[in-house]
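What follows is a single structure, written as structure tokens, with notes after it.
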Amino acid sequence: IHQRVEDYHPVFEFDAIVSRAYASLGDFELSVRHLCSPHTRLMSMKTSVAEVEANELDQSHYALQSIPLQVPGIAEPRSLVILNRKEHE
């Protein structure tokens with residue numbers, strides 16, 4: 001696929017969408033929202049998750065999980081940030 005994510009409109013929704021060095025969490029979620037089902041997991045590799053960036057998300061809709069990573073050859077801290085949509089009644 002060779003096009004911008006905003007312009008990509010498949011006939012199916014994804015189980016997981018992964019980004020690396022793409023955008024803030026809020027911008028990432030907004031740009032891929034049309035590709036998501038209620039159960040799609042969003043994952044992003046980040047150097048860190050600033051409180052400001054986490055607060056950009058609608059935390060009533062998403063649970064945020066941050067997992068520290070050790071990347072060979074990279075001294076700076078890295079994290080895998082996982083966004084899971086919360087189920088609403």
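Note on naming: chains are A, B, ... as they come in the structure tokens, residues start from 1 per chain, ligands start from 1 in the order shown.
Neighbouring residues of Arg4 (chain A) at 12 Å or closer, counting only C-alpha atoms and skipping chain neighbours under 6 positions away, are Tyr22, Ser31 and Val32 of chain A.
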Any chance you can output those residues with N, CA, C and O atoms as a PDB file, in the first residue's frame?
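To be explicit, this is the file written out as result.pdb:
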```pdb
ATOM      1  N   TYR A  22       5.604   8.316  14.354  1.00  0.00           N
ATOM      2  CA  TYR A  22       4.607   8.834  13.416  1.00  0.00           C
ATOM      3  C   TYR A  22       4.016  10.165  13.893  1.00  0.00           C
ATOM      4  O   TYR A  22       4.078  11.143  13.182  1.00  0.00           O
ATOM      5  N   SER A  31      -6.004   9.847  13.089  1.00  0.00           N
ATOM      6  CA  SER A  31      -5.715   9.542  11.686  1.00  0.00           C
ATOM      7  C   SER A  31      -6.092   8.123  11.287  1.00  0.00           C
ATOM      8  O   SER A  31      -6.286   7.857  10.101  1.00  0.00           O
ATOM      9  N   VAL A  32      -6.190   7.205  12.254  1.00  0.00           N
ATOM     10  CA  VAL A  32      -6.529   5.823  11.923  1.00  0.00           C
ATOM     11  C   VAL A  32      -7.923   5.410  12.393  1.00  0.00           C
ATOM     12  O   VAL A  32      -8.320   4.262  12.209  1.00  0.00           O
TER      13      VAL A  32
END
```
* Which residues, written as an MDAnalysis selection string, have at least one atom at most 6 Å from region 47-62 of chain A, with only C-alpha atoms counted and residues fewer than 4 positions away on the same chain left out? -> chainID A and resid 26 77:78 83:86
* **Neighbour list for Asp15 (chain A) as an MDAnalysis selection string, cut-off 9 Å, only C-alpha atoms, skip fewer than 4 positions in-chain** => chainID A and resid 36:37 39:42
Selection to disk with N, CA, C and O atoms, as a PDB file, in the first residue's frame:
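The result, written out as again.pdb:
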```
ATOM      1  N   CYS A  36     -10.513   1.404  12.345  1.00  0.00           N
ATOM      2  CA  CYS A  36     -10.653   0.650  13.587  1.00  0.00           C
ATOM      3  C   CYS A  36     -12.049   0.068  13.787  1.00  0.00           C
ATOM      4  O   CYS A  36     -13.051   0.698  13.444  1.00  0.00           O
ATOM      5  N   SER A  37     -12.056  -1.110  14.403  1.00  0.00           N
ATOM      6  CA  SER A  37     -13.281  -1.688  14.926  1.00  0.00           C
ATOM      7  C   SER A  37     -13.311  -1.360  16.419  1.00  0.00           C
ATOM      8  O   SER A  37     -12.331  -0.820  16.952  1.00  0.00           O
ATOM      9  N   HIS A  39     -12.713  -3.251  18.668  1.00  0.00           N
ATOM     10  CA  HIS A  39     -11.716  -4.087  19.334  1.00  0.00           C
ATOM     11  C   HIS A  39     -10.301  -3.882  18.800  1.00  0.00           C
ATOM     12  O   HIS A  39      -9.381  -4.597  19.202  1.00  0.00           O
ATOM     13  N   THR A  40     -10.106  -2.916  17.917  1.00  0.00           N
ATOM     14  CA  THR A  40      -8.777  -2.660  17.368  1.00  0.00           C
ATOM     15  C   THR A  40      -7.853  -2.148  18.458  1.00  0.00           C
ATOM     16  O   THR A  40      -8.213  -1.270  19.238  1.00  0.00           O
ATOM     17  N   ARG A  41      -6.656  -2.692  18.486  1.00  0.00           N
ATOM     18  CA  ARG A  41      -5.628  -2.265  19.432  1.00  0.00           C
ATOM     19  C   ARG A  41      -4.651  -1.370  18.682  1.00  0.00           C
ATOM     20  O   ARG A  41      -4.149  -1.743  17.624  1.00  0.00           O
ATOM     21  N   LEU A  42      -4.398  -0.182  19.214  1.00  0.00           N
ATOM     22  CA  LEU A  42      -3.426   0.742  18.620  1.00  0.00           C
ATOM     23  C   LEU A  42      -2.132   0.639  19.406  1.00  0.00           C
ATOM     24  O   LEU A  42      -2.139   0.679  20.636  1.00  0.00           O
TER      25      LEU A  42
END
```
* To do: Just the helix (DSSP H, G or I) stuff from region 2-81 of chain A, please, per backbone DSSP, written as a PyMOL selection string.
  => chain A and resi 5-7+25-35+51-55
* To do: Might you pull out every residue within 9 Å of Leu80 (chain A), with only C-alpha atoms counted and same-chain residues fewer than 5 positions away left off, and present them as number ranges by chain?
  => A: 43-47, 65-69
Generate a file of the selected residues that holds N, CA and C atoms, formatted as a tab-separated table (two decimals), in the first residue's frame.
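As a result, part-v2.tsv now contains:
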```tsv
chain	number	residue	atom	x	y	z
A	43	MET	N	-1.01	0.51	18.69
A	43	MET	CA	0.30	0.37	19.34
A	43	MET	C	1.28	1.35	18.72
A	44	SER	N	2.05	2.01	19.57
A	44	SER	CA	2.99	3.00	19.09
A	44	SER	C	4.29	2.90	19.88
A	45	MET	N	5.41	2.88	19.15
A	45	MET	CA	6.71	2.95	19.82
A	45	MET	C	7.02	4.42	20.10
A	46	LYS	N	7.33	4.72	21.33
A	46	LYS	CA	7.59	6.10	21.74
A	46	LYS	C	8.87	6.16	22.56
A	47	THR	N	9.51	7.34	22.57
A	47	THR	CA	10.65	7.54	23.46
A	47	THR	C	10.15	7.70	24.88
A	65	GLN	N	-1.68	1.73	28.09
A	65	GLN	CA	-0.70	0.88	28.75
A	65	GLN	C	0.66	1.19	28.15
A	66	SER	N	1.66	1.37	28.99
A	66	SER	CA	3.02	1.66	28.51
A	66	SER	C	3.95	0.56	29.01
A	67	ILE	N	4.66	-0.07	28.06
A	67	ILE	CA	5.57	-1.16	28.38
A	67	ILE	C	6.99	-0.71	28.03
A	68	PRO	N	7.90	-0.64	29.02
A	68	PRO	CA	9.29	-0.25	28.73
A	68	PRO	C	9.96	-1.28	27.83
A	69	LEU	N	10.75	-0.81	26.88
A	69	LEU	CA	11.47	-1.68	25.95
A	69	LEU	C	12.96	-1.42	26.05
```
* Take CA of Ser24 (chain A) and CA of Val81 (chain A) and report the distance between them in Å, one decimal. =>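 That distance, rounded to one decimal, is 11.2 Å.
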* Those of chain A in DSSP strand (DSSP E or B), formatted as a PyMOL selection string -> chain A and resi 14-20+36-46+62-69+78-85
Could the residues in this selection be written to a file with N, CA, C and O atoms, as a CSV table (one decimal), in the first residue's frame?
```csv
chain,number,residue,atom,x,y,z
A,14,PHE,N,-9.1,-3.3,11.0
A,14,PHE,CA,-7.9,-4.0,11.5
A,14,PHE,C,-8.0,-4.4,12.9
A,14,PHE,O,-8.7,-3.7,13.7
A,15,ASP,N,-7.3,-5.5,13.3
A,15,ASP,CA,-7.3,-6.0,14.6
A,15,ASP,C,-6.3,-5.1,15.4
A,15,ASP,O,-6.4,-4.9,16.6
A,16,ALA,N,-5.2,-4.7,14.7
A,16,ALA,CA,-4.1,-3.9,15.4
A,16,ALA,C,-3.5,-3.0,14.3
A,16,ALA,O,-3.4,-3.4,13.2
A,17,ILE,N,-3.1,-1.8,14.8
A,17,ILE,CA,-2.4,-0.9,14.0
A,17,ILE,C,-1.2,-0.4,14.8
A,17,ILE,O,-1.3,0.0,15.9
A,18,VAL,N,0.0,-0.5,14.1
A,18,VAL,CA,1.2,-0.2,14.8
A,18,VAL,C,1.9,1.0,14.1
A,18,VAL,O,1.9,1.1,12.9
A,19,SER,N,2.4,1.9,14.9
A,19,SER,CA,3.1,3.1,14.4
A,19,SER,C,4.5,3.2,15.1
A,19,SER,O,4.7,2.8,16.2
A,20,ARG,N,5.4,3.8,14.4
A,20,ARG,CA,6.7,4.1,14.9
A,20,ARG,C,7.1,5.5,14.5
A,20,ARG,O,7.2,5.8,13.3
A,36,CYS,N,-10.5,1.4,12.3
A,36,CYS,CA,-10.7,0.7,13.6
A,36,CYS,C,-12.0,0.1,13.8
A,36,CYS,O,-13.1,0.7,13.4
A,37,SER,N,-12.1,-1.1,14.4
A,37,SER,CA,-13.3,-1.7,14.9
A,37,SER,C,-13.3,-1.4,16.4
A,37,SER,O,-12.3,-0.8,17.0
A,38,PRO,N,-14.4,-1.7,17.1
A,38,PRO,CA,-14.4,-1.5,18.6
A,38,PRO,C,-13.3,-2.2,19.3
A,38,PRO,O,-13.0,-1.9,20.4
A,39,HIS,N,-12.7,-3.3,18.7
A,39,HIS,CA,-11.7,-4.1,19.3
A,39,HIS,C,-10.3,-3.9,18.8
A,39,HIS,O,-9.4,-4.6,19.2
A,40,THR,N,-10.1,-2.9,17.9
A,40,THR,CA,-8.8,-2.7,17.4
A,40,THR,C,-7.9,-2.1,18.5
A,40,THR,O,-8.2,-1.3,19.2
A,41,ARG,N,-6.7,-2.7,18.5
A,41,ARG,CA,-5.6,-2.3,19.4
A,41,ARG,C,-4.7,-1.4,18.7
A,41,ARG,O,-4.1,-1.7,17.6
A,42,LEU,N,-4.4,-0.2,19.2
A,42,LEU,CA,-3.4,0.7,18.6
A,42,LEU,C,-2.1,0.6,19.4
A,42,LEU,O,-2.1,0.7,20.6
A,43,MET,N,-1.0,0.5,18.7
A,43,MET,CA,0.3,0.4,19.3
A,43,MET,C,1.3,1.4,18.7
A,43,MET,O,1.3,1.5,17.5
A,44,SER,N,2.0,2.0,19.6
A,44,SER,CA,3.0,3.0,19.1
A,44,SER,C,4.3,2.9,19.9
A,44,SER,O,4.3,2.9,21.1
A,45,MET,N,5.4,2.9,19.2
A,45,MET,CA,6.7,3.0,19.8
A,45,MET,C,7.0,4.4,20.1
A,45,MET,O,7.0,5.2,19.2
A,46,LYS,N,7.3,4.7,21.3
A,46,LYS,CA,7.6,6.1,21.7
A,46,LYS,C,8.9,6.2,22.6
A,46,LYS,O,9.3,5.2,23.2
A,62,TYR,N,-10.4,5.2,25.9
A,62,TYR,CA,-9.2,4.4,25.8
A,62,TYR,C,-8.5,4.2,27.1
A,62,TYR,O,-8.4,5.0,27.9
A,63,ALA,N,-8.0,2.9,27.3
A,63,ALA,CA,-7.1,2.6,28.4
A,63,ALA,C,-5.7,2.6,27.8
A,63,ALA,O,-5.5,2.0,26.7
A,64,LEU,N,-4.8,3.3,28.4
A,64,LEU,CA,-3.4,3.4,27.9
A,64,LEU,C,-2.5,2.5,28.8
A,64,LEU,O,-2.6,2.5,30.0
A,65,GLN,N,-1.7,1.7,28.1
A,65,GLN,CA,-0.7,0.9,28.7
A,65,GLN,C,0.7,1.2,28.1
A,65,GLN,O,0.8,1.3,26.9
A,66,SER,N,1.7,1.4,29.0
A,66,SER,CA,3.0,1.7,28.5
A,66,SER,C,4.0,0.6,29.0
A,66,SER,O,4.0,0.3,30.2
A,67,ILE,N,4.7,-0.1,28.1
A,67,ILE,CA,5.6,-1.2,28.4
A,67,ILE,C,7.0,-0.7,28.0
A,67,ILE,O,7.3,-0.4,26.9
A,68,PRO,N,7.9,-0.6,29.0
A,68,PRO,CA,9.3,-0.2,28.7
A,68,PRO,C,10.0,-1.3,27.8
A,68,PRO,O,9.7,-2.5,28.0
A,69,LEU,N,10.8,-0.8,26.9
A,69,LEU,CA,11.5,-1.7,25.9
A,69,LEU,C,13.0,-1.4,26.0
A,69,LEU,O,13.4,-0.3,26.3
A,78,ARG,N,12.8,3.6,25.5
A,78,ARG,CA,11.8,3.4,24.5
A,78,ARG,C,10.6,2.7,25.2
A,78,ARG,O,10.8,1.9,26.2
A,79,SER,N,9.4,2.9,24.7
A,79,SER,CA,8.2,2.3,25.3
A,79,SER,C,7.3,1.8,24.1
A,79,SER,O,7.3,2.5,23.1
A,80,LEU,N,6.6,0.8,24.4
A,80,LEU,CA,5.5,0.4,23.5
A,80,LEU,C,4.2,0.8,24.2
A,80,LEU,O,3.9,0.4,25.3
A,81,VAL,N,3.5,1.7,23.6
A,81,VAL,CA,2.3,2.3,24.2
A,81,VAL,C,1.1,1.6,23.4
A,81,VAL,O,1.1,1.6,22.2
A,82,ILE,N,0.3,1.0,24.2
A,82,ILE,CA,-0.9,0.3,23.7
A,82,ILE,C,-2.2,1.0,24.1
A,82,ILE,O,-2.3,1.3,25.3
A,83,LEU,N,-3.0,1.3,23.1
A,83,LEU,CA,-4.3,1.9,23.4
A,83,LEU,C,-5.4,0.8,23.1
A,83,LEU,O,-5.5,0.3,22.0
A,84,ASN,N,-6.2,0.5,24.1
A,84,ASN,CA,-7.3,-0.4,24.0
A,84,ASN,C,-8.6,0.4,24.2
A,84,ASN,O,-8.7,1.2,25.2
A,85,ARG,N,-9.5,0.3,23.3
A,85,ARG,CA,-10.8,0.9,23.5
A,85,ARG,C,-11.5,0.3,24.7
A,85,ARG,O,-11.6,-0.9,24.8
```
* To do: Could you jot down the CA of Leu30 (chain A) to CA of Tyr8 (chain A) separation for me, Å, one decimal place?
  =>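 Value for the CA of Leu30 (chain A)-CA of Tyr8 (chain A) distance: 13.6 Å.
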* Minimum-distance residue to Leu35 (chain A), chosen among A:Val11, A:Ile74, A:Glu87, A:Ala21 (using only C-alpha atoms) ->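 Comparing A:Val11, A:Ile74, A:Glu87, A:Ala21 against Leu35 (chain A), the winner is A:Val11.
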* **Point-to-point distance in Å for CA of Pro72 (chain A) and CA of Leu25 (chain A)** => 24.2 Å
